[in-house]
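Q: Would you mind keeping the following structure in view while I ask a few things?
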Amino acid sequence: MTQGVTQQAIGTTHQWRGVIEEFRGRLDIPDGTPTVTLREGGTPLVESGWLSELLGADVWLKVEGDNPTGSFKDRGMTVALSVAVGQGAEAVVCASTGNTSASMAAYAARARVKPLVLVPQGKIATGKLAQALIHGAQVIMVRGNFDDCLTISRGLAEHYPVALVNSVNPMRLQGQKTASFEVVDFLGDAPDVHVLPTGNAGNISAYWLGYTEALADGSATKAPVMRGWQAWGAAPLVDGAPVKNPETLASAIRIGNPASWTLAVRAAEESGGTFRKVTDDQILAAQRSLASRDGVFVEPASAAGVAGLLLEREEGADLRGRTVVVTVTGHGLKDVDTALATFTDIVDTVVDVDVEAAARAAGLE
Ligand SMILES: Cc1ncc(COP(=O)(O)O)c(C=O)c1O
Ligand SMILES: N[C@@H](CCOP(=O)(O)O)C(=O)O
């Protein structure tokens, strides 16, 4: 039997059972699908005090870094792997800027299937590469970008016995839409605005699917305006055309030709939303503010939505009295190199074993 379903919960508090068992009736998956789970989902909505104050709005952070492998991908991967295993897959493949590979490798380990990962050479954060490797993935470095890796992965899945589990696999969106259900459940309704970083564009498509389903089944009375934020050098949805050589230090969203382009544009259009872009400096500033003001450490790409909110405020946007949810998509510990790179002047304060020297260094004297 698949691991995860045999485990018996002990204790009296509610044990979160993971995306499939919590939401099975709302997932469009084949009957009898087994459950490969790390008890993902059920992530916190944390109020952002400083953003709420700054904008005069109720601003909530959906902290997806709290998922088992540290990103929102786990919501989709539990469903994609479960369905693949249910259909007899023995190997899975993905193209990745890092998080998808980490997630796929963990769920593949649990399901005892072979994980094969294609990544752009030298372009993924060390923490994510370590995750993929430690979970047993075979990692192939490609001399090319993420979009090239996805082309190869599609080709492998077409010609060889490996199941593709990028977000072009509709089971991924089934899992990822559950974040919207959780937001609606927590707030009692959908927010007015939902903001999130956008790369391959599966997540904004999945959120929109979830919100429209919540509206249709009566659990929400409205659907939010969806705002997707891309990085300046990797903003095809903003520029209206694929970007051949996408560049940004937010490596997770260094993507030039989003696979879910059509679905994502539909989500923005139907919700009255937009795609816009922020610079790497704006992303890094937002990342640092989130960490130092809210206590939430996210990886650079994950801060793109917050950077966007700050930009809109500077431009005079009025969100007073509105409820705004910002998805922060992945944990900051995945990419410590980028975080530390901005602190070269501070981390090297060294003293002898001496209280007064430490006090002087700390500015207490
Ligand atoms: C941390 C992080 N944030 C945001 C994104 C963008 O999500 P999507 O590709 O679904 O647009 C990704 C992956 O692309 C990611 O890894
Ligand atoms: N940022 C992603 C890119 C692939 O996205 P997917 O949702 O289509 O798998 C990653 O982490 O690799």
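Within each chain, counting starts at residue 1; across the structure tokens, chains are named A, B, ... in the order shown, with ligands numbered 1 upward in that order.
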So that each row is one residue of chain A with an atom at most 8 Å from ligand 2, can you give its shortest atom pair and the distance in Å to one decimal, using only C-alpha atoms and all ligand atoms, rows by chain and rising number, as a tab-separated table?
A:
```
residue	atom	partner	partner_atom_place_in_ligand_line	distance
A:Lys73	CA	ligand 2	7 (O)	6.6
A:Cys94	CA	ligand 2	9 (O)	6.8
A:Ala95	CA	ligand 2	12 (O)	6.2
A:Ser96	CA	ligand 2	12 (O)	3.1
A:Thr97	CA	ligand 2	12 (O)	3.8
A:Gly98	CA	ligand 2	11 (O)	4.4
A:Asn99	CA	ligand 2	11 (O)	3.4
A:Thr100	CA	ligand 2	11 (O)	3.8
A:Ser101	CA	ligand 2	12 (O)	6.0
A:Ala102	CA	ligand 2	11 (O)	7.8
A:Phe146	CA	ligand 2	3 (C)	7.3
A:Val165	CA	ligand 2	9 (O)	6.8
A:Asn166	CA	ligand 2	9 (O)	3.7
A:Ser167	CA	ligand 2	8 (O)	3.8
A:Val168	CA	ligand 2	8 (O)	6.2
A:Arg172	CA	ligand 2	7 (O)	7.7
A:Gly199	CA	ligand 2	1 (N)	6.3
A:Asn200	CA	ligand 2	5 (O)	5.2
A:Ala201	CA	ligand 2	7 (O)	7.2
A:Gly202	CA	ligand 2	7 (O)	5.4
A:Asn203	CA	ligand 2	7 (O)	6.8
A:Ser251	CA	ligand 2	1 (N)	8.0
A:Ala252	CA	ligand 2	1 (N)	4.4
A:Ile253	CA	ligand 2	1 (N)	5.6
A:Arg254	CA	ligand 2	1 (N)	7.9
A:Ile255	CA	ligand 2	3 (C)	7.5
A:Ala259	CA	ligand 2	8 (O)	6.9
```
Q: Store the residues picked out above, limited to C-alpha atoms, as a CSV table (one decimal), in the first residue's frame.
A:
```csv
chain,number,residue,atom,x,y,z
A,73,LYS,CA,4.5,22.9,-5.5
A,94,CYS,CA,10.1,17.5,-14.6
A,95,ALA,CA,11.9,20.6,-15.8
A,96,SER,CA,12.6,22.9,-13.0
A,97,THR,CA,14.0,26.2,-11.7
A,98,GLY,CA,14.4,24.3,-8.4
A,99,ASN,CA,11.2,24.0,-6.4
A,100,THR,CA,9.3,21.6,-8.7
A,101,SER,CA,12.3,19.3,-8.7
A,102,ALA,CA,12.6,19.4,-4.9
A,146,PHE,CA,14.0,26.5,-18.1
A,165,VAL,CA,4.6,16.3,-13.6
A,166,ASN,CA,5.2,19.9,-14.4
A,167,SER,CA,2.1,22.1,-14.2
A,168,VAL,CA,1.2,21.2,-17.8
A,172,ARG,CA,-1.0,19.7,-10.6
A,199,GLY,CA,6.6,32.3,-13.7
A,200,ASN,CA,5.4,29.3,-15.6
A,201,ALA,CA,1.9,30.6,-14.7
A,202,GLY,CA,0.4,27.3,-13.3
A,203,ASN,CA,-0.2,28.8,-9.9
A,251,SER,CA,15.8,32.3,-10.2
A,252,ALA,CA,12.5,30.5,-9.5
A,253,ILE,CA,10.7,32.8,-12.0
A,254,ARG,CA,13.4,33.0,-14.6
A,255,ILE,CA,11.0,31.7,-17.3
A,259,ALA,CA,3.4,26.9,-20.2
```
Q: Please identify all polymer residues within 8 Å of Val278 of chain A, counting only C-alpha atoms, omitting same-chain residues fewer than 2 positions from it, and present them as a list in words.
A: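 That gives Trp229, Gln230, Ala231, Trp232, Arg276, Asp280, Gln282, Ile283, Ala304, Ala307, Gly308 and Leu311 of chain A.
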Q: Since we have the selection now, will you write its residues out, keeping C-alpha atoms, as a PDB file, in the first residue's frame?
A:
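Result file result.pdb:
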```
ATOM      1  CA  TRP A 229       3.826  39.867 -10.806  1.00  0.00           C
ATOM      2  CA  GLN A 230       6.789  38.937 -12.960  1.00  0.00           C
ATOM      3  CA  ALA A 231      10.463  39.900 -12.795  1.00  0.00           C
ATOM      4  CA  TRP A 232      11.550  42.708 -15.111  1.00  0.00           C
ATOM      5  CA  ARG A 276       2.911  43.581 -14.235  1.00  0.00           C
ATOM      6  CA  ASP A 280      15.257  42.725  -9.006  1.00  0.00           C
ATOM      7  CA  GLN A 282      12.355  45.974  -5.776  1.00  0.00           C
ATOM      8  CA  ILE A 283      12.105  42.213  -5.223  1.00  0.00           C
ATOM      9  CA  ALA A 304       7.588  39.647  -6.192  1.00  0.00           C
ATOM     10  CA  ALA A 307       7.181  44.232  -4.332  1.00  0.00           C
ATOM     11  CA  GLY A 308       4.263  44.752  -6.694  1.00  0.00           C
ATOM     12  CA  LEU A 311       5.022  49.677  -6.307  1.00  0.00           C
TER      13      LEU A 311
END
```
Q: Just the strand (DSSP E) stuff from segment 57-167 of chain A, please, per backbone DSSP, written as a PyMOL selection string.
A: chain A and resi 58-63+91-95+114-120+138-142+163-164
Q: For the selection you just gave me, I'd like the residues written to a file as an mmCIF file, in the first residue's frame, keeping N, CA and C atoms.
A:
```
data_model
loop_
_atom_site.group_PDB
_atom_site.id
_atom_site.type_symbol
_atom_site.label_atom_id
_atom_site.label_comp_id
_atom_site.auth_asym_id
_atom_site.auth_seq_id
_atom_site.Cartn_x
_atom_site.Cartn_y
_atom_site.Cartn_z
ATOM 1 N N ASP A 58 -6.631 45.147 4.759
ATOM 2 C CA ASP A 58 -6.299 43.930 5.508
ATOM 3 C C ASP A 58 -5.439 43.074 4.600
ATOM 4 N N VAL A 59 -4.163 43.014 4.891
ATOM 5 C CA VAL A 59 -3.257 42.274 4.011
ATOM 6 C C VAL A 59 -2.805 40.984 4.702
ATOM 7 N N TRP A 60 -3.043 39.874 4.019
ATOM 8 C CA TRP A 60 -2.708 38.556 4.559
ATOM 9 C C TRP A 60 -1.680 37.881 3.660
ATOM 10 N N LEU A 61 -0.744 37.210 4.310
ATOM 11 C CA LEU A 61 0.255 36.443 3.555
ATOM 12 C C LEU A 61 -0.105 34.964 3.619
ATOM 13 N N LYS A 62 -0.254 34.328 2.470
ATOM 14 C CA LYS A 62 -0.461 32.869 2.440
ATOM 15 C C LYS A 62 0.934 32.259 2.358
ATOM 16 N N VAL A 63 1.383 31.705 3.475
ATOM 17 C CA VAL A 63 2.797 31.337 3.608
ATOM 18 C C VAL A 63 3.028 29.902 3.123
ATOM 19 N N ALA A 91 8.288 5.974 -13.225
ATOM 20 C CA ALA A 91 9.263 7.068 -13.256
ATOM 21 C C ALA A 91 8.540 8.369 -13.562
ATOM 22 N N VAL A 92 9.062 9.462 -12.993
ATOM 23 C CA VAL A 92 8.460 10.778 -13.244
ATOM 24 C C VAL A 92 9.556 11.746 -13.665
ATOM 25 N N VAL A 93 9.171 12.745 -14.438
ATOM 26 C CA VAL A 93 10.155 13.704 -14.940
ATOM 27 C C VAL A 93 9.609 15.118 -14.796
ATOM 28 N N CYS A 94 10.511 16.076 -14.576
ATOM 29 C CA CYS A 94 10.101 17.487 -14.619
ATOM 30 C C CYS A 94 11.263 18.344 -15.079
ATOM 31 N N ALA A 95 10.902 19.499 -15.631
ATOM 32 C CA ALA A 95 11.861 20.587 -15.837
ATOM 33 C C ALA A 95 11.695 21.498 -14.636
ATOM 34 N N LYS A 114 10.931 6.461 -9.772
ATOM 35 C CA LYS A 114 12.220 7.096 -10.091
ATOM 36 C C LYS A 114 12.024 8.551 -10.515
ATOM 37 N N PRO A 115 12.695 9.483 -9.841
ATOM 38 C CA PRO A 115 12.579 10.899 -10.249
ATOM 39 C C PRO A 115 13.714 11.352 -11.166
ATOM 40 N N LEU A 116 13.348 11.958 -12.269
ATOM 41 C CA LEU A 116 14.318 12.488 -13.231
ATOM 42 C C LEU A 116 14.065 13.989 -13.400
ATOM 43 N N VAL A 117 15.128 14.764 -13.212
ATOM 44 C CA VAL A 117 14.996 16.226 -13.168
ATOM 45 C C VAL A 117 15.871 16.863 -14.236
ATOM 46 N N LEU A 118 15.333 17.854 -14.957
ATOM 47 C CA LEU A 118 16.154 18.638 -15.892
ATOM 48 C C LEU A 118 16.167 20.094 -15.438
ATOM 49 N N VAL A 119 17.369 20.609 -15.208
ATOM 50 C CA VAL A 119 17.479 21.989 -14.729
ATOM 51 C C VAL A 119 18.442 22.774 -15.608
ATOM 52 N N PRO A 120 18.244 24.098 -15.675
ATOM 53 C CA PRO A 120 19.214 24.926 -16.404
ATOM 54 C C PRO A 120 20.546 24.944 -15.644
ATOM 55 N N GLN A 138 17.682 11.808 -10.139
ATOM 56 C CA GLN A 138 18.761 11.928 -11.114
ATOM 57 C C GLN A 138 18.622 13.318 -11.718
ATOM 58 N N VAL A 139 19.653 14.135 -11.552
ATOM 59 C CA VAL A 139 19.572 15.525 -12.005
ATOM 60 C C VAL A 139 20.416 15.700 -13.265
ATOM 61 N N ILE A 140 19.782 16.154 -14.320
ATOM 62 C CA ILE A 140 20.493 16.431 -15.572
ATOM 63 C C ILE A 140 20.547 17.936 -15.770
ATOM 64 N N MET A 141 21.774 18.442 -15.896
ATOM 65 C CA MET A 141 21.975 19.879 -16.125
ATOM 66 C C MET A 141 21.926 20.141 -17.632
ATOM 67 N N VAL A 142 21.142 21.107 -18.014
ATOM 68 C CA VAL A 142 20.976 21.391 -19.442
ATOM 69 C C VAL A 142 21.663 22.711 -19.795
ATOM 70 N N ALA A 163 6.336 9.811 -16.556
ATOM 71 C CA ALA A 163 5.179 10.719 -16.478
ATOM 72 C C ALA A 163 5.651 12.141 -16.190
ATOM 73 N N LEU A 164 5.165 13.094 -16.968
ATOM 74 C CA LEU A 164 5.553 14.506 -16.797
ATOM 75 C C LEU A 164 4.711 15.133 -15.678
#
```
Q: Write out as a PyMOL selection string all residues of segment 65-293 of chain A that DSSP puts in alpha helix (DSSP H) for this structure's backbone.
A: chain A and resi 73-86+99-111+126-134+146-159+170-176+178-187+202-216+236-239+261-271+280-289
Q: Would you pick out the contacts of Leu173 of chain A at 12 Å or less, using only C-alpha atoms, so that residues sharing its chain but fewer than 4 positions from it are not included, and give the list as a ChimeraX atom specification?
A: /A:27-29,72-80,165-169,177-180,201-210,260,263-264
Q: I need the residues from that last selection saved to file as a tab-separated table (two decimals), in the first residue's frame (with N, CA and C atoms), if you can.
A:
```
chain	number	residue	atom	x	y	z
A	27	LEU	N	-11.72	17.51	-5.77
A	27	LEU	CA	-10.65	17.33	-6.76
A	27	LEU	C	-11.15	16.48	-7.90
A	28	ASP	N	-10.85	16.91	-9.11
A	28	ASP	CA	-11.26	16.16	-10.29
A	28	ASP	C	-10.15	15.14	-10.60
A	29	ILE	N	-10.18	14.02	-9.87
A	29	ILE	CA	-9.15	12.99	-10.04
A	29	ILE	C	-9.84	11.63	-10.24
A	72	PHE	N	4.87	25.93	-2.60
A	72	PHE	CA	3.49	25.58	-2.98
A	72	PHE	C	3.41	24.36	-3.90
A	73	LYS	N	4.55	23.98	-4.48
A	73	LYS	CA	4.52	22.87	-5.45
A	73	LYS	C	3.99	21.59	-4.82
A	74	ASP	N	4.16	21.45	-3.50
A	74	ASP	CA	3.73	20.20	-2.84
A	74	ASP	C	2.24	19.95	-2.99
A	75	ARG	N	1.45	21.03	-3.02
A	75	ARG	CA	-0.01	20.86	-3.19
A	75	ARG	C	-0.33	20.16	-4.51
A	76	GLY	N	0.41	20.56	-5.54
A	76	GLY	CA	0.18	19.98	-6.85
A	76	GLY	C	0.83	18.61	-6.98
A	77	MET	N	1.99	18.47	-6.32
A	77	MET	CA	2.77	17.24	-6.50
A	77	MET	C	2.09	16.05	-5.84
A	78	THR	N	1.44	16.26	-4.71
A	78	THR	CA	0.75	15.13	-4.07
A	78	THR	C	-0.29	14.55	-5.02
A	79	VAL	N	-0.99	15.41	-5.75
A	79	VAL	CA	-2.03	14.93	-6.66
A	79	VAL	C	-1.39	14.32	-7.92
A	80	ALA	N	-0.42	15.02	-8.48
A	80	ALA	CA	0.21	14.51	-9.72
A	80	ALA	C	0.86	13.15	-9.48
A	165	VAL	N	5.37	15.73	-14.69
A	165	VAL	CA	4.61	16.29	-13.55
A	165	VAL	C	4.82	17.79	-13.38
A	166	ASN	N	5.24	18.45	-14.44
A	166	ASN	CA	5.18	19.93	-14.39
A	166	ASN	C	3.71	20.36	-14.41
A	167	SER	N	3.48	21.67	-14.30
A	167	SER	CA	2.10	22.13	-14.18
A	167	SER	C	1.31	22.03	-15.49
A	168	VAL	N	1.94	21.57	-16.57
A	168	VAL	CA	1.17	21.23	-17.77
A	168	VAL	C	0.34	19.98	-17.52
A	169	ASN	N	0.68	19.24	-16.49
A	169	ASN	CA	-0.12	18.10	-16.05
A	169	ASN	C	-1.31	18.66	-15.24
A	177	LYS	N	-5.12	24.31	-6.62
A	177	LYS	CA	-6.33	25.14	-6.42
A	177	LYS	C	-6.81	25.10	-4.97
A	178	THR	N	-6.33	24.11	-4.21
A	178	THR	CA	-6.82	23.98	-2.82
A	178	THR	C	-6.38	25.15	-1.94
A	179	ALA	N	-5.34	25.87	-2.37
A	179	ALA	CA	-4.93	27.06	-1.59
A	179	ALA	C	-6.07	28.08	-1.56
A	180	SER	N	-6.79	28.20	-2.68
A	180	SER	CA	-7.94	29.13	-2.70
A	180	SER	C	-9.02	28.66	-1.72
A	201	ALA	N	3.28	30.12	-14.69
A	201	ALA	CA	1.87	30.56	-14.70
A	201	ALA	C	0.85	29.48	-14.32
A	202	GLY	N	1.31	28.35	-13.80
A	202	GLY	CA	0.37	27.33	-13.33
A	202	GLY	C	-0.36	27.78	-12.07
A	203	ASN	N	0.36	28.48	-11.20
A	203	ASN	CA	-0.25	28.78	-9.90
A	203	ASN	C	-1.38	29.79	-9.99
A	204	ILE	N	-1.19	30.84	-10.76
A	204	ILE	CA	-2.27	31.83	-10.87
A	204	ILE	C	-3.49	31.16	-11.54
A	205	SER	N	-3.23	30.24	-12.47
A	205	SER	CA	-4.33	29.52	-13.13
A	205	SER	C	-5.05	28.63	-12.12
A	206	ALA	N	-4.28	27.99	-11.25
A	206	ALA	CA	-4.87	27.09	-10.25
A	206	ALA	C	-5.68	27.87	-9.21
A	207	TYR	N	-5.14	29.00	-8.76
A	207	TYR	CA	-5.89	29.82	-7.79
A	207	TYR	C	-7.22	30.26	-8.39
A	208	TRP	N	-7.15	30.67	-9.66
A	208	TRP	CA	-8.39	31.17	-10.29
A	208	TRP	C	-9.41	30.03	-10.42
A	209	LEU	N	-8.93	28.86	-10.76
A	209	LEU	CA	-9.80	27.68	-10.82
A	209	LEU	C	-10.46	27.46	-9.45
A	210	GLY	N	-9.66	27.52	-8.40
A	210	GLY	CA	-10.19	27.31	-7.05
A	210	GLY	C	-11.22	28.37	-6.67
A	260	SER	N	1.45	27.78	-19.01
A	260	SER	CA	0.01	28.03	-18.81
A	260	SER	C	-0.40	29.43	-19.26
A	263	LEU	N	-4.27	29.98	-19.96
A	263	LEU	CA	-5.07	29.91	-18.72
A	263	LEU	C	-4.83	31.13	-17.84
A	264	ALA	N	-3.56	31.54	-17.77
A	264	ALA	CA	-3.21	32.66	-16.89
A	264	ALA	C	-3.80	33.98	-17.41
```
Q: May I have the residues within 7 Å of Gly127 of chain A as a PDB file with C-alpha atoms, in the first residue's frame, using only C-alpha atoms and disregarding those fewer than 3 positions away in the same chain?
A:
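Saved the output as result30.pdb:
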```pdb
ATOM      1  CA  ALA A 130      20.387  19.662  -2.458  1.00  0.00           C
ATOM      2  CA  GLN A 131      16.737  18.730  -1.920  1.00  0.00           C
ATOM      3  CA  LYS A 334      16.190  27.537  -0.165  1.00  0.00           C
ATOM      4  CA  ASP A 335      18.372  30.367  -1.459  1.00  0.00           C
TER       5      ASP A 335
END
```
Q: Please list as a PyMOL selection string every residue within 7 Å of Gly228 of chain A, counting only C-alpha atoms and excluding residues in the same chain fewer than 6 positions away.
A: chain A and resi 195-198+274-276
Q: At a cut-off of 10 Å, using only C-alpha atoms, what residues contact segment 38-52 of chain A? Leave out same-chain residues fewer than 6 positions from it and give the result as a ChimeraX atom specification.
A: /A:3-4,15-22,58-78,106-107,110,175-176,178-179,182-183,186-187,289-290,293-296,306,309-310,319-327
Q: Using only C-alpha atoms, please write the residues we just selected to a file, as an mmCIF file, in the first residue's frame.
A:
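What landed in part_22.cif:
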```
data_model
loop_
_atom_site.group_PDB
_atom_site.id
_atom_site.type_symbol
_atom_site.label_atom_id
_atom_site.label_comp_id
_atom_site.auth_asym_id
_atom_site.auth_seq_id
_atom_site.Cartn_x
_atom_site.Cartn_y
_atom_site.Cartn_z
ATOM 1 C CA GLN A 3 2.997 5.184 2.171
ATOM 2 C CA GLY A 4 0.992 7.880 3.887
ATOM 3 C CA GLN A 15 -4.497 16.006 12.329
ATOM 4 C CA TRP A 16 -4.258 17.768 8.963
ATOM 5 C CA ARG A 17 -4.377 14.913 6.454
ATOM 6 C CA GLY A 18 -2.938 16.628 3.387
ATOM 7 C CA VAL A 19 -4.489 18.017 0.237
ATOM 8 C CA ILE A 20 -6.024 14.819 -1.139
ATOM 9 C CA GLU A 21 -7.719 13.585 2.024
ATOM 10 C CA GLU A 22 -8.865 17.072 3.081
ATOM 11 C CA ASP A 58 -6.299 43.930 5.508
ATOM 12 C CA VAL A 59 -3.257 42.274 4.011
ATOM 13 C CA TRP A 60 -2.708 38.556 4.559
ATOM 14 C CA LEU A 61 0.255 36.443 3.555
ATOM 15 C CA LYS A 62 -0.461 32.869 2.440
ATOM 16 C CA VAL A 63 2.797 31.337 3.608
ATOM 17 C CA GLU A 64 3.418 28.478 1.208
ATOM 18 C CA GLY A 65 6.986 28.025 2.399
ATOM 19 C CA ASP A 66 5.397 26.112 5.278
ATOM 20 C CA ASN A 67 4.697 23.165 2.985
ATOM 21 C CA PRO A 68 6.808 20.018 3.546
ATOM 22 C CA THR A 69 9.445 20.771 0.903
ATOM 23 C CA GLY A 70 9.153 24.515 1.387
ATOM 24 C CA SER A 71 7.006 25.621 -1.546
ATOM 25 C CA PHE A 72 3.489 25.578 -2.981
ATOM 26 C CA LYS A 73 4.523 22.873 -5.454
ATOM 27 C CA ASP A 74 3.734 20.205 -2.837
ATOM 28 C CA ARG A 75 -0.009 20.856 -3.193
ATOM 29 C CA GLY A 76 0.177 19.975 -6.854
ATOM 30 C CA MET A 77 2.768 17.238 -6.505
ATOM 31 C CA THR A 78 0.749 15.133 -4.066
ATOM 32 C CA ALA A 106 10.369 14.048 -2.265
ATOM 33 C CA TYR A 107 7.005 12.692 -3.399
ATOM 34 C CA ARG A 110 7.597 8.372 -0.922
ATOM 35 C CA GLY A 175 -3.862 20.178 -6.122
ATOM 36 C CA GLN A 176 -2.750 23.804 -6.240
ATOM 37 C CA THR A 178 -6.819 23.983 -2.824
ATOM 38 C CA ALA A 179 -4.934 27.057 -1.588
ATOM 39 C CA GLU A 182 -8.164 27.383 2.361
ATOM 40 C CA VAL A 183 -8.185 31.168 1.903
ATOM 41 C CA PHE A 186 -10.152 31.098 6.696
ATOM 42 C CA LEU A 187 -11.513 34.508 5.679
ATOM 43 C CA SER A 289 11.035 43.970 4.500
ATOM 44 C CA LEU A 290 8.953 40.809 4.772
ATOM 45 C CA ARG A 293 9.006 43.462 9.592
ATOM 46 C CA ASP A 294 6.779 40.387 9.417
ATOM 47 C CA GLY A 295 9.204 37.649 10.437
ATOM 48 C CA VAL A 296 8.510 35.796 7.195
ATOM 49 C CA VAL A 306 4.810 42.174 -2.174
ATOM 50 C CA LEU A 309 1.938 45.906 -3.922
ATOM 51 C CA LEU A 310 4.557 48.406 -2.761
ATOM 52 C CA LEU A 319 -6.643 49.652 -1.531
ATOM 53 C CA ARG A 320 -8.114 51.147 1.626
ATOM 54 C CA GLY A 321 -10.668 48.910 3.292
ATOM 55 C CA ARG A 322 -9.977 46.008 0.921
ATOM 56 C CA THR A 323 -8.950 42.479 1.824
ATOM 57 C CA VAL A 324 -5.767 41.508 0.033
ATOM 58 C CA VAL A 325 -4.095 38.087 0.029
ATOM 59 C CA VAL A 326 -0.499 37.775 -1.135
ATOM 60 C CA THR A 327 0.871 34.313 -1.758
#
```
Q: May I ask which of the residues A:Ala301, A:Ala105, A:Ala317, A:Ala190 is the closest one to Ala214 of chain A, counting only C-alpha atoms?
A: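 Nearest candidate to Ala214 of chain A out of A:Ala301, A:Ala105, A:Ala317, A:Ala190: A:Ala190.
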Q: Could you list, as a PyMOL selection string, every residue within 12 Å of Lys244 of chain A, counting only C-alpha atoms and ignoring same-chain residues fewer than 3 positions away?
A: chain A and resi 144-148+233-236+241+247+254-258
Q: Those same residues, written as an mmCIF file, in the first residue's frame with N, CA and C atoms?
A:
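Now in out01.cif:
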```cif
data_model
loop_
_atom_site.group_PDB
_atom_site.id
_atom_site.type_symbol
_atom_site.label_atom_id
_atom_site.label_comp_id
_atom_site.auth_asym_id
_atom_site.auth_seq_id
_atom_site.Cartn_x
_atom_site.Cartn_y
_atom_site.Cartn_z
ATOM 1 N N GLY A 144 21.049 25.404 -21.276
ATOM 2 C CA GLY A 144 19.883 26.111 -21.803
ATOM 3 C C GLY A 144 19.107 26.655 -20.628
ATOM 4 N N ASN A 145 17.933 27.228 -20.891
ATOM 5 C CA ASN A 145 17.149 27.792 -19.797
ATOM 6 C C ASN A 145 15.985 26.859 -19.427
ATOM 7 N N PHE A 146 15.133 27.320 -18.504
ATOM 8 C CA PHE A 146 14.016 26.478 -18.050
ATOM 9 C C PHE A 146 13.130 26.056 -19.219
ATOM 10 N N ASP A 147 12.863 26.988 -20.120
ATOM 11 C CA ASP A 147 11.958 26.673 -21.236
ATOM 12 C C ASP A 147 12.531 25.537 -22.089
ATOM 13 N N ASP A 148 13.865 25.534 -22.262
ATOM 14 C CA ASP A 148 14.512 24.435 -22.996
ATOM 15 C C ASP A 148 14.348 23.122 -22.225
ATOM 16 N N GLY A 233 13.209 41.217 -16.099
ATOM 17 C CA GLY A 233 13.901 40.581 -17.228
ATOM 18 C C GLY A 233 13.289 39.259 -17.664
ATOM 19 N N ALA A 234 12.154 38.917 -17.070
ATOM 20 C CA ALA A 234 11.498 37.637 -17.393
ATOM 21 C C ALA A 234 9.989 37.857 -17.295
ATOM 22 N N ALA A 235 9.504 38.770 -18.148
ATOM 23 C CA ALA A 235 8.109 39.194 -18.006
ATOM 24 C C ALA A 235 7.314 39.010 -19.302
ATOM 25 N N PRO A 236 7.274 37.801 -19.838
ATOM 26 C CA PRO A 236 6.574 37.597 -21.112
ATOM 27 C C PRO A 236 5.094 37.951 -21.052
ATOM 28 N N ALA A 241 4.879 38.777 -25.240
ATOM 29 C CA ALA A 241 5.593 37.861 -26.146
ATOM 30 C C ALA A 241 6.623 37.081 -25.337
ATOM 31 N N GLU A 247 16.127 36.806 -17.714
ATOM 32 C CA GLU A 247 17.155 37.053 -16.697
ATOM 33 C C GLU A 247 16.558 37.721 -15.472
ATOM 34 N N ARG A 254 12.625 32.679 -13.433
ATOM 35 C CA ARG A 254 13.406 33.005 -14.635
ATOM 36 C C ARG A 254 12.873 32.122 -15.775
ATOM 37 N N ILE A 255 11.749 32.527 -16.308
ATOM 38 C CA ILE A 255 11.011 31.717 -17.289
ATOM 39 C C ILE A 255 10.544 32.638 -18.410
ATOM 40 N N GLY A 256 10.807 32.229 -19.662
ATOM 41 C CA GLY A 256 10.527 33.130 -20.777
ATOM 42 C C GLY A 256 9.272 32.807 -21.564
ATOM 43 N N ASN A 257 8.747 31.583 -21.371
ATOM 44 C CA ASN A 257 7.596 31.190 -22.186
ATOM 45 C C ASN A 257 6.643 30.324 -21.348
ATOM 46 N N PRO A 258 5.853 30.954 -20.493
ATOM 47 C CA PRO A 258 5.034 30.206 -19.525
ATOM 48 C C PRO A 258 4.126 29.171 -20.187
#
```
